[in-house]
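A.B. asks: This is my_file.cif, which holds mmCIF, C-alpha atoms and all ligand atoms:
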data_data
#
loop_
_atom_site.label_atom_id
_atom_site.label_comp_id
_atom_site.auth_asym_id
_atom_site.auth_seq_id
_atom_site.Cartn_x
_atom_site.Cartn_y
_atom_site.Cartn_z
CA MET T 736 101.14 86.10 79.58
CA THR T 737 103.32 88.82 81.03
CA ALA T 738 101.40 91.13 83.32
CA LYS T 739 101.07 94.86 82.83
CA VAL T 740 102.95 96.61 85.62
CA ILE T 741 100.70 99.00 87.58
CA ASP T 742 102.98 101.95 88.24
CA GLY T 743 101.98 103.21 91.69
CA LYS T 744 104.91 105.60 91.82
CA ALA T 745 103.75 107.49 88.72
CA PHE T 746 100.09 107.41 89.81
CA ALA T 747 101.00 108.69 93.29
CA ALA T 748 102.92 111.58 91.71
CA ARG T 749 99.76 112.50 89.77
CA VAL T 750 97.67 112.38 92.96
CA ARG T 751 100.17 114.61 94.76
CA ALA T 752 100.14 117.06 91.83
CA GLN T 753 96.33 117.14 91.95
CA VAL T 754 96.46 117.76 95.71
CA ALA T 755 99.04 120.54 95.25
CA GLU T 756 96.87 122.20 92.60
CA HIS T 757 93.85 122.20 94.92
CA VAL T 758 95.94 123.42 97.86
CA ALA T 759 97.13 126.35 95.73
CA ARG T 760 93.50 127.20 94.92
CA LEU T 761 92.58 127.09 98.62
CA ALA T 762 95.45 129.45 99.40
CA GLY T 763 93.63 132.05 97.28
CA GLN T 764 90.76 131.78 99.79
CA GLY T 765 93.11 132.08 102.76
CA VAL T 766 92.87 128.38 103.69
CA VAL T 767 96.00 126.27 104.26
CA PRO T 768 95.45 122.56 104.96
CA GLY T 769 97.52 121.43 107.96
CA LEU T 770 98.67 117.96 108.95
CA ALA T 771 99.98 117.22 112.44
CA VAL T 772 102.09 114.12 113.01
CA VAL T 773 102.67 112.88 116.54
CA LEU T 774 105.68 110.65 117.11
CA VAL T 775 106.25 108.99 120.47
CA GLY T 776 109.68 107.47 121.06
CA GLU T 777 112.72 106.86 118.90
CA ASP T 778 111.70 103.96 116.61
CA PRO T 779 114.09 104.41 113.62
CA ALA T 780 111.59 103.27 110.96
CA SER T 781 108.93 105.63 112.37
CA GLN T 782 111.42 108.50 112.34
CA ILE T 783 112.06 107.90 108.63
CA TYR T 784 108.30 107.75 107.87
CA VAL T 785 107.67 110.96 109.78
CA ARG T 786 110.54 112.74 108.02
CA ASN T 787 109.22 111.63 104.62
CA LYS T 788 105.70 112.71 105.46
CA GLY T 789 106.98 116.14 106.52
CA LYS T 790 108.81 116.52 103.22
CA MET T 791 105.77 115.56 101.12
CA VAL T 792 103.46 117.83 103.13
CA ALA T 793 105.73 120.79 102.39
CA GLU T 794 105.99 119.83 98.69
CA VAL T 795 102.22 120.07 98.17
CA GLY T 796 102.06 123.43 99.98
CA MET T 797 100.38 122.23 103.18
CA ALA T 798 101.37 123.23 106.69
CA GLY T 799 103.14 120.51 108.67
CA PHE T 800 103.14 120.25 112.44
CA GLU T 801 105.35 117.75 114.22
CA ARG T 802 105.03 116.78 117.86
CA ARG T 803 107.89 114.56 119.06
CA LEU T 804 107.38 113.08 122.51
CA PRO T 805 109.74 110.94 124.60
CA ALA T 806 109.24 107.16 124.71
CA ASP T 807 108.14 107.33 128.36
CA THR T 808 105.32 109.85 127.68
CA SER T 809 102.28 109.05 129.83
CA GLU T 810 98.90 108.30 128.29
CA ALA T 811 97.51 111.45 129.93
CA ASP T 812 100.21 113.62 128.35
CA LEU T 813 99.68 112.07 124.91
CA MET T 814 95.92 112.53 125.22
CA ALA T 815 96.52 116.18 126.14
CA VAL T 816 98.53 116.68 122.94
CA VAL T 817 95.75 115.06 120.89
CA ALA T 818 93.15 117.31 122.58
CA GLU T 819 95.26 120.37 121.80
CA LEU T 820 95.53 119.38 118.11
CA ASN T 821 91.79 118.62 117.97
CA ALA T 822 91.13 122.19 119.12
CA ASP T 823 93.67 123.85 116.80
CA PRO T 824 91.89 125.35 113.74
CA ALA T 825 95.16 125.31 111.73
CA VAL T 826 95.27 121.51 112.02
CA HIS T 827 92.92 119.55 109.71
CA GLY T 828 94.59 116.16 109.90
CA ILE T 829 96.07 114.34 112.89
CA LEU T 830 98.19 111.24 112.57
CA VAL T 831 99.64 109.42 115.56
CA GLN T 832 102.53 107.36 114.22
CA MET T 833 102.22 103.65 115.04
CA PRO T 834 103.48 101.56 116.71
CA LEU T 835 103.22 103.33 120.06
CA PRO T 836 105.43 102.22 122.97
CA GLY T 837 103.88 99.22 124.76
CA HIS T 838 102.56 101.11 127.81
CA LEU T 839 100.24 103.24 125.64
CA ASN T 840 96.80 102.03 124.52
CA ALA T 841 96.69 102.72 120.76
CA ASP T 842 92.88 102.24 120.49
CA LEU T 843 92.28 104.77 123.25
CA VAL T 844 94.56 107.32 121.59
CA ILE T 845 93.11 106.83 118.09
CA ASN T 846 89.56 107.17 119.40
CA ALA T 847 90.52 110.44 121.12
CA ILE T 848 91.28 112.05 117.73
CA ASP T 849 88.46 114.21 116.34
CA PRO T 850 86.95 111.86 113.67
CA ALA T 851 86.80 114.80 111.23
CA LYS T 852 90.62 115.11 111.55
CA ASP T 853 91.30 111.36 111.59
CA VAL T 854 93.19 111.23 108.28
CA ASP T 855 94.28 107.63 108.92
CA GLY T 856 90.62 106.59 109.06
CA PHE T 857 91.19 104.39 112.10
CA HIS T 858 88.75 106.09 114.51
CA ILE T 859 85.83 103.85 115.44
CA SER T 860 83.38 106.42 113.97
CA ASN T 861 85.11 106.35 110.60
CA VAL T 862 85.24 102.54 110.66
CA GLY T 863 81.47 102.54 111.30
CA LEU T 864 80.77 105.14 108.62
CA LEU T 865 82.77 103.18 106.04
CA GLY T 866 81.06 99.91 107.04
CA THR T 867 77.62 101.46 106.59
CA GLY T 868 78.41 103.13 103.28
CA GLN T 869 78.46 106.68 104.68
CA LYS T 870 80.95 109.48 104.06
CA ALA T 871 84.06 108.54 106.08
CA MET T 872 87.75 109.25 106.32
CA VAL T 873 89.11 106.15 104.55
CA PRO T 874 92.39 104.44 105.55
CA CYS T 875 95.16 105.50 103.19
CA THR T 876 96.57 102.16 101.97
CA PRO T 877 93.20 100.65 100.97
CA LEU T 878 92.15 103.99 99.44
CA GLY T 879 95.34 104.07 97.36
CA SER T 880 94.83 100.46 96.28
CA LEU T 881 91.26 101.25 95.24
CA MET T 882 92.44 104.24 93.18
CA LEU T 883 94.91 101.99 91.33
CA LEU T 884 92.21 99.39 90.69
CA ARG T 885 89.68 101.92 89.40
CA ASP T 886 92.30 103.50 87.17
CA HIS T 887 93.27 100.13 85.72
CA LEU T 888 89.90 98.38 85.50
CA GLY T 889 87.28 101.15 85.51
CA ASP T 890 83.99 99.74 86.80
CA LEU T 891 84.67 97.01 89.37
CA SER T 892 81.04 95.96 89.67
CA GLY T 893 80.45 92.19 89.85
CA LEU T 894 84.12 91.26 89.98
CA GLU T 895 85.25 88.42 92.24
CA VAL T 896 87.74 89.73 94.83
CA VAL T 897 89.89 87.90 97.34
CA VAL T 898 91.62 89.99 100.01
CA VAL T 899 94.21 87.99 101.93
CA GLY T 900 94.69 89.54 105.40
CA ARG T 901 92.03 90.90 107.76
CA SER T 902 93.84 93.66 109.66
CA ASN T 903 91.96 96.77 110.71
CA ILE T 904 94.32 99.01 108.74
CA VAL T 905 94.40 97.17 105.42
CA GLY T 906 92.39 93.97 104.91
CA LYS T 907 89.05 94.86 106.49
CA PRO T 908 88.72 98.40 105.06
CA MET T 909 89.89 97.11 101.66
CA ALA T 910 87.10 94.53 101.73
CA GLN T 911 84.55 97.21 102.71
CA LEU T 912 85.66 99.53 99.92
CA LEU T 913 85.44 96.79 97.30
CA LEU T 914 82.05 95.69 98.60
CA ALA T 915 80.89 99.27 98.16
CA GLN T 916 82.10 99.00 94.53
CA ASN T 917 79.74 96.02 94.12
CA CYS T 918 82.47 93.40 94.04
CA THR T 919 81.88 89.92 95.46
CA VAL T 920 84.38 89.88 98.29
CA THR T 921 86.10 87.03 100.11
CA LEU T 922 88.22 88.04 103.11
CA ALA T 923 90.85 85.37 103.72
CA HIS T 924 93.18 85.00 106.73
CA SER T 925 95.48 82.57 108.49
CA ARG T 926 92.67 80.09 109.22
CA THR T 927 91.33 80.05 105.65
CA ARG T 928 91.28 76.52 104.24
CA ASN T 929 92.72 75.82 100.78
CA LEU T 930 94.01 79.37 100.38
CA PRO T 931 95.60 78.77 96.93
CA GLU T 932 92.26 77.48 95.66
CA VAL T 933 90.38 80.46 97.16
CA CYS T 934 92.87 82.88 95.57
CA ARG T 935 92.47 81.25 92.15
CA ARG T 936 88.82 82.40 92.10
CA ALA T 937 89.82 86.06 92.17
CA ASP T 938 89.54 88.55 89.33
CA ILE T 939 91.21 90.92 91.81
CA LEU T 940 93.64 89.46 94.32
CA VAL T 941 94.80 91.74 97.14
CA ALA T 942 97.66 90.49 99.31
CA ALA T 943 98.06 92.14 102.74
CA VAL T 944 99.67 89.43 104.81
CA GLY T 945 103.19 90.45 105.86
CA ARG T 946 104.81 87.22 104.60
CA PRO T 947 107.48 87.65 101.91
CA ARG T 948 106.51 86.17 98.52
CA MET T 949 103.86 83.90 100.03
CA ILE T 950 101.39 84.10 97.14
CA GLN T 951 102.67 82.06 94.22
CA GLY T 952 101.97 82.36 90.51
CA ASP T 953 99.87 79.19 90.49
CA TRP T 954 97.52 80.80 93.07
CA VAL T 955 96.65 83.50 90.51
CA LYS T 956 93.82 83.20 88.01
CA PRO T 957 95.09 83.87 84.48
CA GLY T 958 94.48 87.53 83.63
CA ALA T 959 93.69 88.57 87.22
CA THR T 960 94.71 91.94 88.67
CA VAL T 961 97.08 91.51 91.62
CA ILE T 962 97.52 94.24 94.23
CA ASP T 963 100.49 93.49 96.47
CA VAL T 964 100.25 95.56 99.66
CA GLY T 965 103.04 93.70 101.43
CA ILE T 966 106.30 95.40 102.36
CA ASN T 967 108.84 92.92 103.68
CA ARG T 968 112.56 93.40 104.20
CA ILE T 969 114.59 90.31 103.40
CA GLU T 970 118.33 89.62 103.20
CA VAL T 971 119.63 88.62 99.76
CA ASP T 972 123.41 88.13 99.36
CA GLY T 973 124.01 90.18 102.51
CA LYS T 974 121.89 93.08 101.24
CA THR T 975 118.46 94.17 102.42
CA LYS T 976 115.81 93.87 99.72
CA LEU T 977 112.18 95.01 99.75
CA VAL T 978 109.70 92.36 98.57
CA GLY T 979 105.93 92.01 98.63
CA ASP T 980 103.61 89.28 99.84
CA VAL T 981 103.36 88.01 96.26
CA ASP T 982 106.07 86.08 94.45
CA TYR T 983 106.34 88.71 91.73
CA ALA T 984 108.29 86.68 89.16
CA SER T 985 105.85 83.76 89.03
CA ALA T 986 102.69 85.87 89.52
CA ALA T 987 103.64 88.28 86.69
CA GLU T 988 103.68 85.28 84.30
CA VAL T 989 99.99 84.62 84.97
CA ALA T 990 98.34 87.88 86.06
CA GLY T 991 96.87 90.45 83.69
CA ALA T 992 98.28 93.28 85.80
CA ILE T 993 100.29 93.52 89.00
CA THR T 994 101.68 96.15 91.37
CA PRO T 995 105.43 95.88 91.98
CA VAL T 996 107.16 96.20 95.37
CA PRO T 997 108.58 98.77 95.72
CA GLY T 998 106.78 101.26 93.48
CA GLY T 999 103.23 99.92 93.71
CA VAL T 1000 100.91 100.49 96.65
CA GLY T 1001 103.59 102.00 98.92
CA PRO T 1002 103.79 105.45 97.26
CA MET T 1003 99.97 105.59 97.13
CA THR T 1004 99.70 105.44 100.92
CA ILE T 1005 101.43 108.76 101.51
CA ALA T 1006 99.71 110.36 98.50
CA CYS T 1007 96.36 109.35 100.03
CA LEU T 1008 97.38 110.75 103.40
CA LEU T 1009 97.81 114.12 101.67
CA ALA T 1010 94.53 113.62 99.80
CA ASN T 1011 92.74 112.82 103.08
CA THR T 1012 94.20 115.92 104.74
CA LEU T 1013 92.91 118.04 101.88
CA THR T 1014 89.49 116.35 102.05
CA ALA T 1015 89.35 116.88 105.84
CA CYS T 1016 90.28 120.54 105.40
CA CYS T 1017 87.54 121.08 102.80
CA ARG T 1018 84.93 119.33 104.95
CA LEU T 1019 85.91 121.25 108.09
CA ASN T 1020 85.70 124.55 106.18
CA GLY T 1021 82.46 123.70 104.38
CA LEU T 1022 84.22 123.92 101.00
CA PRO T 1023 83.67 121.63 97.98
CA GLU T 1024 85.77 118.47 98.13
CA PRO T 1025 88.31 117.75 95.38
CA ALA T 1026 87.03 115.25 92.81
CA GLY T 1027 88.61 111.82 92.47
CA LEU T 1028 90.57 111.86 95.74
CA THR T 1029 88.07 110.06 97.95
CA ALA T 1030 86.39 106.65 97.84
P1 LIG J 1101 98.86 92.36 110.06
O1 LIG J 1101 99.99 91.56 110.60
O2 LIG J 1101 98.12 93.28 110.95
O3 LIG J 1101 97.81 91.35 109.41
C1 LIG J 1101 98.22 90.29 108.62
C2 LIG J 1101 97.03 89.50 108.16
O4 LIG J 1101 97.52 88.42 107.35
C3 LIG J 1101 96.24 88.86 109.31
O5 LIG J 1101 94.86 89.02 109.07
C4 LIG J 1101 96.63 87.39 109.26
O6 LIG J 1101 95.59 86.49 109.58
C5 LIG J 1101 96.94 87.20 107.79
N1 LIG J 1101 97.90 86.11 107.61
C6 LIG J 1101 99.08 85.92 108.24
N2 LIG J 1101 99.65 84.78 107.83
C7 LIG J 1101 98.81 84.23 106.92
C8 LIG J 1101 98.85 83.05 106.16
N3 LIG J 1101 99.85 82.19 106.22
N4 LIG J 1101 97.80 82.80 105.34
C9 LIG J 1101 96.77 83.65 105.25
N5 LIG J 1101 96.69 84.80 105.96
C10 LIG J 1101 97.69 85.07 106.79
O7 LIG J 1101 99.45 93.12 108.79
P2 LIG J 1101 98.98 94.49 108.06
O8 LIG J 1101 97.64 94.33 107.50
O9 LIG J 1101 99.30 95.64 108.93
O10 LIG J 1101 100.06 94.52 106.88
C11 LIG J 1101 100.08 93.54 105.88
C12 LIG J 1101 101.24 93.81 104.94
O11 LIG J 1101 101.05 95.06 104.32
C13 LIG J 1101 102.60 93.91 105.63
O12 LIG J 1101 103.59 93.41 104.75
C14 LIG J 1101 102.81 95.39 105.82
O13 LIG J 1101 104.16 95.76 105.88
C15 LIG J 1101 102.16 95.91 104.57
N6 LIG J 1101 101.66 97.28 104.67
C16 LIG J 1101 101.96 98.09 103.63
C17 LIG J 1101 101.51 99.38 103.61
C18 LIG J 1101 101.82 100.21 102.42
O14 LIG J 1101 101.86 101.42 102.51
N7 LIG J 1101 102.00 99.60 101.25
C19 LIG J 1101 100.76 99.96 104.74
C20 LIG J 1101 100.41 98.98 105.74
C21 LIG J 1101 100.87 97.70 105.71
P3 LIG J 1101 94.96 86.38 111.08
O15 LIG J 1101 94.08 87.56 111.24
O16 LIG J 1101 94.21 85.09 111.02
O17 LIG J 1101 96.13 86.36 112.01
#
Step by step, read the file and then write its structure as structure tokens.
C.D. replies:
Amino acid sequence: MTAKVIDGKAFAARVRAQVAEHVARLAGQGVVPGLAVVLVGEDPASQIYVRNKGKMVAEVGMAGFERRLPADTSEADLMAVVAELNADPAVHGILVQMPLPGHLNADLVINAIDPAKDVDGFHISNVGLLGTGQKAMVPCTPLGSLMLLRDHLGDLSGLEVVVVGRSNIVGKPMAQLLLAQNCTVTLAHSRTRNLPEVCRRADILVAAVGRPRMIQGDWVKPGATVIDVGINRIEVDGKTKLVGDVDYASAAEVAGAITPVPGGVGPMTIACLLANTLTACCRLNGLPEPAGLTA
């Protein structure tokens, strides 16, 4: 079998178009969704992410706010910036770019963001709301992965899922979202015994590990849907190449469908950040939420 390729790039473009359409409608009511991105320090990868986010925000017609702070910013100064953005009615989404310099406590900063503006979905209130099946801001990467799965498979009810990786930003919220879709969920991690055998049970296999090409084709159940969240940079013939956590060549021989890297989950993350900003804006203004852009 050769797997169907799940085209996250094309799907993300559709999500962004849907967001842009809704933003244009809101403009008619005098409402402009605004996303504020806070960047502390000079991390080159973070600078690229922030630049890309700014570009996409402008493309969908939202207002972008950027706060760049020096690497030696104190916790008190960063908290003051967050408080200012919390109070600003033009800002509906606040994202503090991770990782923060080592002297800053990321949990403290995230939990200082107004949960209603927490478009990353990392605030403890949103984690609790998601875990108890209530209306939450949902982390962007798992939300994007769920959108791809629902588009490809429709009803996910009763399906056997294995999520490999239990981070707070991907693995755990992914498991919660799929549980809410009535899947039977196994959350695997570095201490899981017989991981290949566990993975072979999965109708849906989600890899969020951070280890290049770890998951092999013979770990995949024939016909399964494979969502590869991993983004790893490796050197091949002196050139940097982007690969996932799944060995694409062998897995695509067995799976029914698979997301490529790049062009799979990656583009969905930023599309869902825009979708979350729009959702936050609608909720904060007491306006109807756009359909199909939330969990
Ligand atoms: P973390 O490093 O926070 O978590 C990795 C998880 O993988 C941990 O739970 C760890 O287990 C588990 N793990 C590590 N090694 C093994 C192993 N040998 N066997 C089984 N489990 C293992 O990573 P993230 O969740 O932040 O990211 C995961 C991947 O997703 C990365 O490649 C990252 O770049 C990518 N990513 C992609 C995004 C996108 O937009 N597409 C967004 C965010 C992340 P334990 O808890 O036991 O240590």
A.B. asks: Between T:Met872, T:Ala780, T:Ala811, T:Met949, which has the minimum distance to ligand LIG 1101 (chain J) (counting all atoms listed in the file)?
C.D. replies: T:Met949
A.B. asks: What does the distance from CA of Ala992 in chain T to CA of Ala871 in chain T come to in Å, to one decimal?
C.D. replies: 29.1 Å
A.B. asks: Around ligand LIG 1101 (chain J), at most 6 Å away and counting only C-alpha atoms and all ligand atoms, which residues are there? Put them as a ChimeraX atom specification, please.
C.D. replies: /T:876,899-902,904-906,924-926,943-945,964-967,1000-1001,1004
A.B. asks: Could you check how far CA of Glu970 in chain T sits from CA of Arg946 in chain T, in Å to one decimal?
C.D. replies: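 For CA of Glu970 in chain T relative to CA of Arg946 in chain T, the distance reads 13.8 Å.
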A.B. asks: Suppose you want the space between CA of Ser860 in chain T and CA of Gln911 in chain T; what is it in Å?
C.D. replies: 14.6 Å
A.B. asks: Find the residue from T:Ala847, T:Cys1017, T:Ala738, T:Ala806 that sits nearest to Lys956 in chain T; use all atoms listed in the file when measuring.
C.D. replies: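 For Lys956 in chain T, the nearest of the candidates is T:Ala738.
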A.B. asks: Given only C-alpha atoms as the basis, pick out the residue of T:Ile993, T:Gln782, T:Asp855, T:Ala771 nearest to Leu820 in chain T.
C.D. replies: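 Among the listed residues, T:Ala771 lies closest to Leu820 in chain T.
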A.B. asks: Skipping near chain neighbours, those fewer than 5 positions away, what residues fall within 9 Å of Asn903 in chain T using only C-alpha atoms, listed as a CSV table (one decimal) with C-alpha atoms, in the frame of the given file?
C.D. replies:
chain,number,residue,atom,x,y,z
T,857,PHE,CA,91.2,104.4,112.1
T,862,VAL,CA,85.2,102.5,110.7
T,908,PRO,CA,88.7,98.4,105.1
A.B. asks: Between T:Ala1006, T:Val898, T:Val817, T:Ala748, which one has atoms that come closest to Thr1029 in chain T, using only C-alpha atoms?
C.D. replies: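 The closest residue to Thr1029 in chain T is T:Ala1006.
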A.B. asks: Would you please work out which residue, of T:Leu922, T:Gly799, T:Val933, T:Gly879, is nearest to Lys744 in chain T when using all atoms listed in the file?
C.D. replies: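 Of T:Leu922, T:Gly799, T:Val933, T:Gly879, the one nearest Lys744 in chain T is T:Gly879, counting all atoms listed in the file.
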A.B. asks: Would you pick out the contacts of range 762-764 of chain T at 12 Å or less, using only C-alpha atoms, so that residues sharing its chain but fewer than 2 positions from it are not included, and give the list as a list in words?
C.D. replies: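 Contacts, with the query itself left out: Ala755, Glu756, His757, Val758, Ala759, Arg760, Val766, Val767, Pro768, Gly769, Val795, Gly796, Met797, Ala798, Leu1013, Cys1016, Cys1017, Asn1020 and Leu1022 of chain T.
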A.B. asks: Would you kindly identify which residues have an atom no farther than 12 Å from (84.7, 97.6, 102.8), using all atoms listed in the file and the file's own coordinates, and write them out as a count of residues only?
C.D. replies: 39
A.B. asks: Please check which residues have atoms at most 10 Å from (101.9, 106.7, 88.0) in the file's coordinates, counting all atoms listed in the file, and write them as a list in words.
C.D. replies: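 These residues have at least one counted atom within 10 Å: Ile741, Asp742, Gly743, Lys744, Ala745, Phe746, Ala747, Ala748, Arg749, Val750, Leu883, Gly998, Gly999, Pro1002 and Met1003 of chain T.
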A.B. asks: When distances are computed from only C-alpha atoms, which of T:Gly856, T:Val775, T:Asn787, T:Ile829 shows the smallest separation from Phe800 in chain T?
C.D. replies: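 Answer, going by the shortest atom-to-atom distance: T:Ile829.
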A.B. asks: Axis-aligned box over every listed atom of range 978-984 of chain T, padded by 6 Å per side: centre and edges in Å to one decimal, as AutoDock Vina command-line options?
C.D. replies:
--center_x 106.5 --center_y 89.2 --center_z 94.5 --size_x 18.3 --size_y 18.3 --size_z 22.7
